[in-house]
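J.: To be precise about what I am sending: the file is called query31.cif and holds mmCIF, C-alpha atoms and all ligand atoms.
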```cif
data_protein
loop_
_atom_site.label_atom_id
_atom_site.label_comp_id
_atom_site.auth_asym_id
_atom_site.auth_seq_id
_atom_site.Cartn_x
_atom_site.Cartn_y
_atom_site.Cartn_z
CA MET A 1 83.43 -74.05 -2.10
CA LEU A 2 80.73 -74.00 0.52
CA ASP A 3 78.54 -76.13 -1.73
CA ASP A 4 81.23 -78.84 -1.95
CA VAL A 5 81.61 -78.93 1.80
CA ILE A 6 77.88 -79.14 2.28
CA PHE A 7 77.48 -81.86 -0.33
CA ASP A 8 80.14 -84.06 1.21
CA THR A 9 78.73 -83.49 4.65
CA VAL A 10 75.29 -84.60 3.62
CA ARG A 11 76.48 -87.59 1.62
CA GLY A 12 78.72 -88.69 4.39
CA ARG A 13 76.55 -88.38 7.43
CA ALA A 14 72.89 -87.85 6.78
CA SER A 15 71.95 -91.49 7.01
CA ALA A 16 73.65 -91.89 10.39
CA GLY A 17 72.08 -88.70 11.77
CA TRP A 18 73.95 -85.88 13.44
CA ARG A 19 74.62 -86.05 17.15
CA THR A 20 75.10 -82.87 19.13
CA THR A 21 75.93 -81.92 22.67
CA THR A 22 75.00 -78.22 22.56
CA PRO A 23 72.21 -77.16 24.93
CA SER A 24 68.72 -76.67 23.57
CA ILE A 25 66.85 -73.38 23.75
CA VAL A 26 64.30 -74.96 26.05
CA ASP A 27 67.13 -75.92 28.42
CA ARG A 28 68.34 -72.34 28.33
CA LEU A 29 64.89 -70.93 29.04
CA ARG A 30 64.44 -73.17 32.05
CA GLY A 31 66.10 -72.82 35.36
CA GLY A 32 65.24 -69.34 36.52
CA ASP A 33 62.94 -68.25 39.26
CA ASP A 34 59.49 -66.81 38.73
CA THR A 35 60.55 -63.20 38.94
CA ARG A 36 63.58 -63.17 36.65
CA ILE A 37 63.39 -64.30 33.06
CA PRO A 38 66.09 -64.79 30.41
CA PHE A 39 66.47 -62.62 27.34
CA SER A 40 67.78 -63.37 23.86
CA VAL A 41 68.51 -61.36 20.72
CA GLU A 42 68.09 -61.59 16.96
CA PHE A 43 70.87 -60.57 14.56
CA SER A 44 70.90 -60.37 10.76
CA PRO A 45 73.75 -61.33 8.42
CA PRO A 46 75.80 -58.19 7.65
CA ARG A 47 75.77 -56.87 4.08
CA ASP A 48 79.27 -55.37 3.97
CA GLU A 49 82.45 -54.87 5.96
CA ALA A 50 81.14 -51.85 7.92
CA ALA A 51 77.95 -53.72 8.83
CA GLU A 52 80.03 -56.72 9.87
CA GLN A 53 82.09 -54.59 12.24
CA ARG A 54 78.90 -53.15 13.73
CA LEU A 55 77.49 -56.65 14.22
CA TRP A 56 80.62 -57.78 16.05
CA ARG A 57 80.55 -54.71 18.33
CA ALA A 58 76.97 -55.64 19.25
CA VAL A 59 77.93 -59.30 19.70
CA ARG A 60 80.66 -58.35 22.20
CA VAL A 61 78.27 -56.15 24.21
CA PHE A 62 75.65 -58.89 24.36
CA GLU A 63 78.27 -61.46 25.30
CA ARG A 64 78.83 -59.48 28.50
CA LEU A 65 75.08 -59.25 29.17
CA GLY A 66 74.62 -63.00 28.80
CA PRO A 67 71.60 -63.73 26.58
CA ALA A 68 70.13 -67.23 26.78
CA PHE A 69 70.67 -67.50 23.01
CA VAL A 70 71.13 -65.40 19.87
CA SER A 71 69.43 -66.02 16.54
CA MET A 72 70.62 -65.21 13.01
CA THR A 73 68.07 -64.52 10.26
CA TYR A 74 68.09 -66.05 6.79
CA GLY A 75 67.53 -63.71 3.83
CA ALA A 76 64.56 -64.06 1.54
CA GLY A 77 65.01 -66.83 -1.01
CA GLY A 78 68.33 -67.89 0.47
CA SER A 79 69.90 -64.55 -0.55
CA THR A 80 72.06 -64.48 2.58
CA ARG A 81 72.71 -68.22 2.69
CA ASP A 82 76.50 -68.21 2.74
CA ARG A 83 76.69 -65.20 5.08
CA THR A 84 74.14 -66.67 7.48
CA VAL A 85 76.06 -69.95 7.65
CA ARG A 86 79.46 -68.24 7.99
CA VAL A 87 78.48 -65.72 10.67
CA THR A 88 76.35 -68.18 12.66
CA GLY A 89 79.30 -70.57 12.55
CA GLN A 90 81.60 -67.84 13.87
CA LEU A 91 79.16 -67.14 16.69
CA ALA A 92 79.29 -70.84 17.62
CA GLU A 93 83.07 -71.12 17.34
CA GLU A 94 84.39 -67.72 18.46
CA THR A 95 81.99 -66.53 21.17
CA THR A 96 80.38 -67.77 24.35
CA LEU A 97 76.91 -67.30 22.82
CA LEU A 98 74.49 -70.10 21.90
CA PRO A 99 73.39 -69.47 18.29
CA VAL A 100 70.10 -70.40 16.67
CA ALA A 101 70.23 -70.47 12.87
CA HIS A 102 67.10 -69.50 10.92
CA LEU A 103 66.31 -71.65 7.88
CA THR A 104 63.60 -70.98 5.30
CA ALA A 105 62.09 -73.14 2.55
CA VAL A 106 61.82 -70.45 -0.14
CA ASP A 107 63.39 -71.42 -3.48
CA HIS A 108 65.12 -74.46 -1.99
CA SER A 109 64.75 -78.09 -2.99
CA ILE A 110 64.69 -80.71 -0.26
CA ASP A 111 68.29 -81.64 -1.19
CA GLU A 112 69.39 -78.03 -0.71
CA LEU A 113 67.56 -77.82 2.61
CA ARG A 114 69.33 -80.98 3.76
CA SER A 115 72.63 -79.45 2.68
CA MET A 116 71.93 -76.31 4.71
CA VAL A 117 71.21 -78.37 7.79
CA GLY A 118 74.47 -80.22 7.15
CA ALA A 119 76.37 -76.95 6.90
CA TYR A 120 74.97 -75.83 10.26
CA ALA A 121 75.73 -79.18 11.87
CA ASP A 122 79.31 -79.04 10.60
CA ARG A 123 79.78 -75.77 12.45
CA GLY A 124 78.42 -77.17 15.68
CA ILE A 125 74.98 -75.57 15.37
CA SER A 126 72.13 -77.78 16.49
CA ASN A 127 69.46 -75.15 17.25
CA ILE A 128 67.49 -74.23 14.14
CA LEU A 129 64.50 -71.92 13.75
CA VAL A 130 62.49 -73.49 10.94
CA LEU A 131 60.41 -71.16 8.75
CA ARG A 132 58.59 -71.33 5.48
CA GLY A 133 59.79 -67.85 4.49
CA ASP A 134 58.06 -65.30 2.28
CA PRO A 135 58.22 -64.73 -1.48
CA PRO A 136 61.35 -62.67 -2.26
CA GLY A 137 60.61 -59.05 -3.17
CA ASP A 138 57.04 -58.90 -1.88
CA PRO A 139 56.48 -60.72 1.43
CA LEU A 140 52.72 -60.44 0.95
CA GLY A 141 52.86 -61.71 -2.65
CA GLU A 142 51.90 -65.13 -3.97
CA TRP A 143 53.76 -68.04 -2.34
CA ARG A 144 55.28 -70.55 -4.79
CA ARG A 145 56.65 -73.82 -3.54
CA HIS A 146 59.95 -74.96 -5.07
CA PRO A 147 59.03 -77.91 -7.38
CA GLU A 148 61.22 -80.20 -5.28
CA GLY A 149 60.74 -78.39 -2.01
CA VAL A 150 58.19 -78.24 0.80
CA GLU A 151 54.88 -76.40 1.00
CA TYR A 152 54.63 -75.65 4.73
CA ALA A 153 56.98 -75.20 7.66
CA HIS A 154 55.71 -78.31 9.50
CA GLU A 155 57.15 -80.45 6.66
CA LEU A 156 60.52 -78.78 7.14
CA VAL A 157 60.34 -79.34 10.91
CA ARG A 158 59.95 -83.06 10.25
CA LEU A 159 62.75 -83.06 7.69
CA VAL A 160 65.20 -81.38 10.08
CA ARG A 161 64.23 -83.64 12.97
CA ASP A 162 64.69 -86.72 10.75
CA LEU A 163 68.23 -85.61 9.88
CA GLY A 164 69.53 -85.91 13.42
CA ASP A 165 69.67 -84.56 16.89
CA PHE A 166 68.49 -80.99 16.15
CA HIS A 167 66.52 -78.70 18.44
CA VAL A 168 63.87 -76.99 16.37
CA GLY A 169 61.89 -73.82 16.99
CA VAL A 170 59.17 -72.30 14.79
CA ALA A 171 57.39 -68.98 14.22
CA SER A 172 54.11 -68.03 15.89
CA PHE A 173 51.85 -65.08 15.23
CA PRO A 174 50.01 -63.25 18.03
CA GLU A 175 47.74 -61.49 15.52
CA GLY A 176 47.50 -64.58 13.29
CA HIS A 177 49.68 -65.12 10.21
CA HIS A 178 48.72 -62.83 7.34
CA ARG A 179 47.81 -65.83 5.14
CA SER A 180 45.59 -67.47 7.78
CA PRO A 181 41.88 -66.95 7.06
CA ASP A 182 41.12 -66.89 10.81
CA LEU A 183 42.71 -67.49 14.20
CA ASP A 184 41.41 -71.09 14.48
CA HIS A 185 43.21 -72.00 11.26
CA ASP A 186 46.32 -70.24 12.53
CA THR A 187 46.23 -72.13 15.83
CA ARG A 188 45.71 -75.48 14.11
CA TYR A 189 48.80 -75.10 11.92
CA LEU A 190 51.01 -73.65 14.62
CA THR A 191 50.09 -76.71 16.67
CA ALA A 192 50.94 -78.93 13.65
CA LYS A 193 54.49 -77.50 13.68
CA LEU A 194 54.83 -78.20 17.40
CA ARG A 195 53.45 -81.74 17.00
CA ALA A 196 55.93 -82.31 14.16
CA GLY A 197 58.71 -81.90 16.69
CA ALA A 198 59.28 -78.19 17.32
CA GLU A 199 60.17 -77.56 20.96
CA TYR A 200 59.19 -73.89 21.20
CA SER A 201 58.09 -70.94 19.11
CA ILE A 202 59.22 -67.34 18.78
CA THR A 203 56.51 -64.84 17.92
CA GLN A 204 56.36 -62.22 15.25
CA VAL A 205 56.89 -58.71 16.64
CA PHE A 206 53.69 -57.35 18.18
CA PHE A 207 52.78 -54.23 20.12
CA ASP A 208 49.68 -55.31 22.01
CA VAL A 209 50.50 -57.74 24.85
CA GLU A 210 46.86 -58.91 24.82
CA ASP A 211 47.50 -60.46 21.38
CA TYR A 212 50.37 -62.51 22.84
CA LEU A 213 48.28 -63.64 25.82
CA ARG A 214 45.38 -64.66 23.58
CA LEU A 215 47.75 -66.67 21.35
CA ARG A 216 49.05 -68.53 24.40
CA ASP A 217 45.49 -69.26 25.55
CA ARG A 218 44.42 -70.44 22.10
CA VAL A 219 47.24 -72.99 21.77
CA ALA A 220 46.72 -74.24 25.34
CA ALA A 221 42.99 -74.70 24.73
CA PHE A 222 43.51 -76.43 21.36
CA ASP A 223 46.21 -78.84 22.56
CA PRO A 224 47.34 -78.62 26.21
CA GLU A 225 50.48 -80.69 25.56
CA GLN A 226 51.71 -78.44 22.77
CA GLY A 227 50.41 -75.40 24.64
CA ALA A 228 52.89 -76.17 27.41
CA LYS A 229 55.82 -75.51 25.02
CA PRO A 230 57.40 -72.05 25.42
CA ILE A 231 56.10 -69.21 23.25
CA VAL A 232 58.85 -66.61 23.35
CA PRO A 233 57.62 -63.07 22.64
CA GLU A 234 59.65 -61.02 20.16
CA ILE A 235 60.13 -57.38 21.08
CA MET A 236 61.33 -54.53 18.93
CA PRO A 237 62.29 -51.27 20.62
CA ILE A 238 61.03 -48.66 18.14
CA THR A 239 63.64 -46.09 17.12
CA SER A 240 61.95 -44.62 14.03
CA LEU A 241 58.28 -44.03 13.27
CA ARG A 242 58.85 -44.29 9.52
CA SER A 243 60.63 -47.66 9.85
CA VAL A 244 58.07 -49.21 12.17
CA ARG A 245 55.23 -48.16 9.85
CA ARG A 246 57.03 -49.76 6.89
CA MET A 247 57.66 -52.92 8.88
CA MET A 248 53.99 -53.17 9.88
CA GLU A 249 53.02 -52.81 6.21
CA LEU A 250 55.34 -55.63 5.12
CA SER A 251 54.29 -58.04 7.85
CA GLY A 252 50.57 -57.30 7.78
CA SER A 253 50.67 -56.49 11.54
CA ARG A 254 49.25 -53.46 13.31
CA LEU A 255 50.48 -50.77 15.63
CA PRO A 256 47.72 -50.04 18.18
CA ARG A 257 46.31 -46.55 17.79
CA HIS A 258 47.22 -45.33 21.28
CA LEU A 259 50.87 -46.27 20.70
CA GLU A 260 50.94 -44.69 17.26
CA GLU A 261 49.56 -41.50 18.80
CA ARG A 262 52.36 -41.46 21.38
CA LEU A 263 54.96 -41.91 18.64
CA VAL A 264 53.37 -39.31 16.36
CA ARG A 265 53.37 -36.79 19.22
CA ALA A 266 57.04 -37.55 19.88
CA ALA A 267 57.89 -37.26 16.18
CA GLY A 268 56.68 -33.64 16.20
CA SER A 269 55.42 -31.55 13.31
CA GLY A 270 58.72 -30.72 11.61
CA PRO A 271 59.64 -31.91 8.11
CA GLU A 272 61.72 -34.75 9.63
CA GLU A 273 60.62 -36.84 12.61
CA ASP A 274 62.37 -36.05 15.89
CA ARG A 275 64.35 -39.30 16.03
CA ALA A 276 65.64 -38.78 19.58
CA ALA A 277 62.13 -38.21 20.96
CA VAL A 278 60.67 -41.15 18.98
CA ARG A 279 63.48 -43.35 20.21
CA ALA A 280 62.87 -42.35 23.86
CA GLU A 281 59.14 -43.09 23.45
CA GLY A 282 59.99 -46.41 21.74
CA ILE A 283 62.20 -47.46 24.66
CA ASP A 284 59.39 -46.55 27.08
CA ILE A 285 56.88 -48.60 25.10
CA ALA A 286 59.19 -51.64 24.87
CA THR A 287 59.95 -51.45 28.61
CA GLU A 288 56.25 -51.26 29.51
CA MET A 289 55.50 -54.25 27.28
CA CYS A 290 58.35 -56.29 28.76
CA GLU A 291 57.25 -55.53 32.33
CA ARG A 292 53.78 -56.80 31.56
CA LEU A 293 55.16 -59.89 29.79
CA VAL A 294 57.35 -60.73 32.80
CA ASP A 295 54.31 -60.33 35.09
CA GLU A 296 52.29 -62.60 32.80
CA GLY A 297 54.91 -65.37 32.97
CA ALA A 298 56.49 -65.15 29.51
CA PRO A 299 59.33 -67.71 29.25
CA GLY A 300 61.84 -65.13 27.96
CA LEU A 301 62.12 -61.94 25.91
CA HIS A 302 63.59 -62.09 22.39
CA PHE A 303 64.75 -58.71 21.04
CA ILE A 304 65.14 -57.67 17.41
CA THR A 305 68.39 -55.70 17.49
CA LEU A 306 69.08 -54.81 13.83
CA ASN A 307 72.67 -55.53 14.92
CA PHE A 308 72.75 -52.60 17.37
CA ALA A 309 73.13 -53.20 21.11
CA ARG A 310 72.17 -49.84 22.56
CA ALA A 311 68.34 -49.74 22.39
CA THR A 312 67.94 -53.32 23.63
CA GLY A 313 70.59 -52.66 26.29
CA GLU A 314 68.63 -49.66 27.56
CA VAL A 315 65.42 -51.68 27.84
CA LEU A 316 67.28 -54.45 29.69
CA GLU A 317 68.87 -51.96 32.03
CA ARG A 318 65.47 -50.49 32.86
CA LEU A 319 64.07 -53.96 33.50
CA GLY A 320 66.94 -54.47 35.94
CA GLY A 321 66.47 -57.35 38.36
CA ARG A 322 63.58 -58.82 36.36
CA ILE A 323 66.07 -60.15 33.80
CA ARG A 324 68.31 -63.17 34.25
CA THR A 325 71.63 -63.56 32.47
CA ALA A 326 72.46 -66.96 31.01
CA ALA A 327 75.92 -67.00 32.49
CA ASP A 328 75.45 -66.37 36.18
CA SER A 329 71.83 -65.45 36.89
CA ALA A 330 72.97 -61.94 37.80
CA PRO A 331 70.69 -59.03 36.97
CA VAL A 332 71.75 -56.69 34.17
CA ARG A 333 73.60 -53.72 35.60
CA SER A 334 75.13 -51.76 32.76
CA VAL A 335 75.53 -51.81 29.02
CA GLY A 336 78.60 -50.85 27.06
C1 LIG B 401 60.45 -65.22 14.91
C2 LIG B 401 60.40 -65.15 13.40
C3 LIG B 401 61.58 -65.21 12.67
C4 LIG B 401 61.56 -65.14 11.27
N1 LIG B 401 62.74 -65.21 10.57
C5 LIG B 401 62.74 -65.18 9.22
C6 LIG B 401 63.95 -65.31 8.49
O1 LIG B 401 65.04 -65.43 9.06
N2 LIG B 401 63.89 -65.26 7.12
C7 LIG B 401 62.69 -65.14 6.46
O2 LIG B 401 62.70 -65.11 5.21
N3 LIG B 401 61.51 -65.02 7.14
C8 LIG B 401 61.51 -65.05 8.50
N4 LIG B 401 60.33 -64.95 9.19
C9 LIG B 401 59.07 -64.73 8.46
C10 LIG B 401 58.35 -66.05 8.07
O3 LIG B 401 59.13 -66.79 7.18
C11 LIG B 401 57.01 -65.65 7.45
O4 LIG B 401 56.19 -65.04 8.39
C12 LIG B 401 56.26 -66.73 6.68
O5 LIG B 401 55.21 -66.10 5.95
C13 LIG B 401 55.59 -67.76 7.59
O6 LIG B 401 56.45 -68.72 7.95
P1 LIG B 401 55.96 -69.96 8.86
O7 LIG B 401 57.18 -70.73 9.13
O8 LIG B 401 55.13 -69.50 9.98
O9 LIG B 401 55.03 -70.74 7.78
P2 LIG B 401 53.93 -71.88 7.98
O10 LIG B 401 53.89 -72.43 9.35
O11 LIG B 401 54.13 -72.87 6.85
O12 LIG B 401 52.56 -71.08 7.75
C14 LIG B 401 52.34 -70.30 6.58
C15 LIG B 401 50.83 -70.16 6.40
O13 LIG B 401 50.28 -71.41 5.97
C16 LIG B 401 49.28 -71.88 6.88
N5 LIG B 401 49.45 -73.35 6.96
C17 LIG B 401 50.46 -74.02 7.54
N6 LIG B 401 50.31 -75.36 7.37
C18 LIG B 401 49.17 -75.54 6.62
C19 LIG B 401 48.50 -76.68 6.09
N7 LIG B 401 48.95 -77.93 6.26
N8 LIG B 401 47.36 -76.47 5.38
C20 LIG B 401 46.86 -75.21 5.18
N9 LIG B 401 47.48 -74.08 5.67
C21 LIG B 401 48.61 -74.25 6.37
C22 LIG B 401 49.59 -71.17 8.19
O14 LIG B 401 48.44 -71.07 9.02
C23 LIG B 401 50.07 -69.81 7.68
O15 LIG B 401 48.99 -68.97 7.34
C24 LIG B 401 60.31 -65.00 10.59
C25 LIG B 401 59.12 -64.93 11.33
C26 LIG B 401 59.15 -65.01 12.72
C27 LIG B 401 57.87 -64.90 13.50
#
```
Go ahead and render the structure in this file as structure tokens.
Ligand SMILES: Cc1cc2nc3c(=O)[nH]c(=O)nc-3n(C[C@H](O)[C@H](O)[C@H](O)COP(=O)(O)OP(=O)(O)OC[C@H]3O[C@@H](n4cnc5c(N)ncnc54)[C@H](O)[C@@H]3O)c2cc1C
T.:
Amino acid sequence: MLDDVIFDTVRGRASAGWRTTTPSIVDRLRGGDDTRIPFSVEFSPPRDEAAEQRLWRAVRVFERLGPAFVSMTYGAGGSTRDRTVRVTGQLAEETTLLPVAHLTAVDHSIDELRSMVGAYADRGISNILVLRGDPPGDPLGEWRRHPEGVEYAHELVRLVRDLGDFHVGVASFPEGHHRSPDLDHDTRYLTAKLRAGAEYSITQVFFDVEDYLRLRDRVAAFDPEQGAKPIVPEIMPITSLRSVRRMMELSGSRLPRHLEERLVRAAGSGPEEDRAAVRAEGIDIATEMCERLVDEGAPGLHFITLNFARATGEVLERLGGRIRTAADSAPVRSVG
């Protein structure tokens, strides 16, 4: 059913190009003062009915807090395609939030990618985070281009931009992407995505603010024009030592030793980690990182929520008047 709709949409309108009136992410990031910055959150498509209810509870809490935008991930190999399109569409149609849809190139032909963009456009979504994606199953495994697809994200940026009036963001990597042989290579190809028409980037999760600052410096030195585009840091409040270790393994990133030591101490020596203590330490760490990022002039703070509002809400509450809401520029006061 969805395929038919997408097909007709693409056949009917691709040549004319889509026109949109929704604000861009860059518009939403602008307009504050130097001491208060906007925040945004990342959701994932829910797997079942219970997860869907949890997502919507989080959505309603964040609606009150007023993020600049919310993003919705896209499962490996298109595994969540229909759910990502449906739920992102509902966010656009049934909430006051500005959604950004993730789109990856894995296992998709160019025709299918065009269809996906058409499906988003049909639901009033014009902000797209363009990604190459990772091989399904093993993110660090061998990358195989679809025979009729694209090899790199910058090609997909161009494709989306050519289809119409879309606002495109891309991924950036404070520690360098795990497939980049060195940071110069990484900088060159991040810049290629920005030159292809991306307006901003969102970083991979990191835990050393210095890595973010060095990324910003590298892009600015390599190409000052592209370096002026916002690099939005992605923050994950840690709530479990086991989960963060697993995540670091899958992404090829690192948890600095002094932070790991704090979390290990909090976890205690029992057979199970002390989740409440780890969570409290994780909120402290995220708050400290955010404070430094605000001081260093980050354009916004993008939080991975795992579809829960509470941990991110606590960090925002502790940041208080440093955070701007999209709706009325009021500082965050309380979370539900
Ligand atoms: C904020 C964020 C959100 C994400 N959301 C999702 C999601 O929803 N779903 C999902 O599956 N994954 C997601 N990812 C993960 C992402 O898909 C992977 O990290 C993927 O491995 C890299 O994608 P990319 O778009 O950066 O790829 P690219 O920009 O194509 O880069 C991939 C590698 O190729 C190199 N490269 C690029 N162009 C060239 C070239 N012309 N010649 C030689 N080398 C080149 C780059 O330096 C890099 O090492 C997300 C990542 C981030 C940071």
J.: Produce a table with one row for each residue of chain A that has an atom at most 6 Å from any atom of ligand LIG 401 (chain B), each row naming the nearest atom pair and its distance in Å at one decimal; use only C-alpha atoms and all ligand atoms; arrange rows by chain and rising residue number; format as a Markdown table.
T.:
```
| residue | atom | partner | partner_atom | distance |
| --- | --- | --- | --- | --- |
| A:Thr73 | CA | B:LIG401 | O1 | 3.4 |
| A:Tyr74 | CA | B:LIG401 | O1 | 3.9 |
| A:Gly75 | CA | B:LIG401 | N2 | 5.1 |
| A:Ala76 | CA | B:LIG401 | O2 | 4.2 |
| A:His102 | CA | B:LIG401 | O1 | 4.9 |
| A:Thr104 | CA | B:LIG401 | O2 | 5.9 |
| A:Leu131 | CA | B:LIG401 | O7 | 3.3 |
| A:Arg132 | CA | B:LIG401 | O7 | 4.0 |
| A:Gly133 | CA | B:LIG401 | O3 | 3.0 |
| A:Asp134 | CA | B:LIG401 | O5 | 4.7 |
| A:Tyr152 | CA | B:LIG401 | O11 | 3.5 |
| A:Ala153 | CA | B:LIG401 | O11 | 3.8 |
| A:Ala171 | CA | B:LIG401 | C27 | 4.2 |
| A:Ser172 | CA | B:LIG401 | C27 | 5.4 |
| A:His177 | CA | B:LIG401 | O15 | 4.9 |
| A:Arg179 | CA | B:LIG401 | O15 | 4.0 |
| A:Ser180 | CA | B:LIG401 | O15 | 3.7 |
| A:His185 | CA | B:LIG401 | O14 | 5.8 |
| A:Asp186 | CA | B:LIG401 | O14 | 4.2 |
| A:Tyr189 | CA | B:LIG401 | N6 | 4.8 |
| A:Ile202 | CA | B:LIG401 | C1 | 4.6 |
| A:Thr203 | CA | B:LIG401 | C27 | 4.6 |
| A:Gln204 | CA | B:LIG401 | C27 | 3.5 |
```
J.: To one decimal place in Å, what is the distance between CA of Lys229 (chain A) and CA of Ile37 (chain A)?
T.: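 Here the two named atoms are 15.7 Å from each other.
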J.: Leaving out region 251-261 of chain A and any residue of its chain fewer than 2 positions from it, which residues lie within 10 Å of it when counting only C-alpha atoms, given as a PyMOL selection string?
T.: chain A and resi 134+139-140+173-179+204-208+241+244-249+263-267+281-282+285
J.: Select, from A:Asp27, A:Asp138, A:Glu49, A:Asp111, the residue with the minimum atom-to-atom distance to Pro299 (chain A), counting all atoms listed in the file.
T.: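 Result for the nearest residue to Pro299 (chain A): A:Asp27.
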J.: Please write as a ChimeraX atom specification the list of polymer residues whose atoms come within 9 Å of (70.4, -67.1, 20.5), counting all atoms listed in the file and keeping to the coordinates of the file.
T.: /A:25,40-43,67-72,97-101,127,302
J.: At a cut-off of 12 Å around the point (55.1, -76.2, 0.0) (file coordinates), what residues fall inside when counting all atoms listed in the file? I'd like the answer as a list of chain:residue names.
T.: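 All residues meeting the 12 Å criterion around (55.1, -76.2, 0.0) are A:Thr104, A:Ala105, A:Val106, A:Asp107, A:His108, A:Ser109, A:Ile110, A:Leu131, A:Arg132, A:Gly133, A:Asp134, A:Pro135, A:Trp143, A:Arg144, A:Arg145, A:His146, A:Pro147, A:Glu148, A:Gly149, A:Val150, A:Glu151, A:Tyr152, A:Ala153, A:His154, A:Glu155, A:Leu156.
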J.: Hey, what's within 12 Å of Glu52 (chain A) if we count only C-alpha atoms and toss same-chain stuff fewer than 2 positions away? As a list in words, please?
T.: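 With the cut-off at 12 Å, the set is Phe43, Ser44, Pro45, Pro46, Arg47, Asp48, Glu49, Ala50, Arg54, Leu55, Trp56, Arg57, Ala58, Val59, Arg83, Thr84, Arg86, Val87, Gln90, Leu306, Asn307 and Phe308 of chain A.
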J.: Would you mind listing what lies within 10 Å of Gly89 (chain A) as a list in words, with all atoms listed in the file counted and same-chain residues fewer than 6 positions away left out?
T.: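 The neighbour list is Arg83, Thr95, Pro99, Ala101, Ala119, Tyr120, Ala121, Asp122, Arg123, Gly124 and Ile125 of chain A.
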J.: For a test of reading the model, state the distance in Å between CA of Glu142 (chain A) and CA of Ala192 (chain A), rounded to one decimal.
T.: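 Distance reported for this atom pair: 22.4 Å.
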J.: List the neighbours of Gly164 (chain A) out to 7 Å using only C-alpha atoms; skip same-chain residues closer than 6 positions along the sequence, and give me the result as JSON, numbers by chain.
T.: {"A": [17, 18, 19]}
J.: Record the distance separating CA of Lys193 (chain A) and CA of Ser126 (chain A), expressed in Å with one decimal.
T.: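 Pair CA of Lys193 (chain A) / CA of Ser126 (chain A) returns 17.9 Å.
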J.: Would you please work out which residue, of A:His167, A:Arg310, A:Arg214, A:Arg242, is nearest to Arg275 (chain A) when using all atoms listed in the file?
T.: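 When distances to Arg275 (chain A) are compared using all atoms listed in the file, the smallest one comes from A:Arg242.
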J.: Kindly indicate which residue among A:Leu91, A:Ala298, A:Ala198, A:Ala286 lies nearest to Glu63 (chain A), using all atoms listed in the file for the distances.
T.: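 Comparing A:Leu91, A:Ala298, A:Ala198, A:Ala286 against Glu63 (chain A), the winner is A:Leu91.
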J.: Hey, can I get the axis-aligned box for region 77-91 of chain A? All listed atoms, 4 Å padding on each side, centre and edge lengths in Å to one decimal, as JSON.
T.:
```
{"center_x": 73.3, "center_y": -67.5, "center_z": 7.8, "size_x": 24.6, "size_y": 14.1, "size_z": 25.7}
```
J.: When distances are computed from all atoms listed in the file, which of A:Glu112, A:Glu291, A:Glu234, A:Glu93 shows the smallest separation from Thr305 (chain A)?
T.: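 With all atoms listed in the file as the atom set, the closest residue is A:Glu234.
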J.: Considering only C-alpha atoms, return as a PyMOL selection string whatever protein or nucleic-acid residues lie within 9 Å of Phe222 (chain A), sequence-local ones (same chain, fewer than 6 positions apart) excluded.
T.: chain A and resi 184+187-188+191
J.: From the list A:Val315, A:Ala276, A:Asp182, A:Gly270, which residue is nearest Ser240 (chain A) when using only C-alpha atoms?
T.: A:Ala276
J.: Could you tell me which of A:Phe39, A:Arg216, A:Glu273, A:Leu163 comes closest to Ile304 (chain A) if we count all atoms listed in the file?
T.: A:Phe39
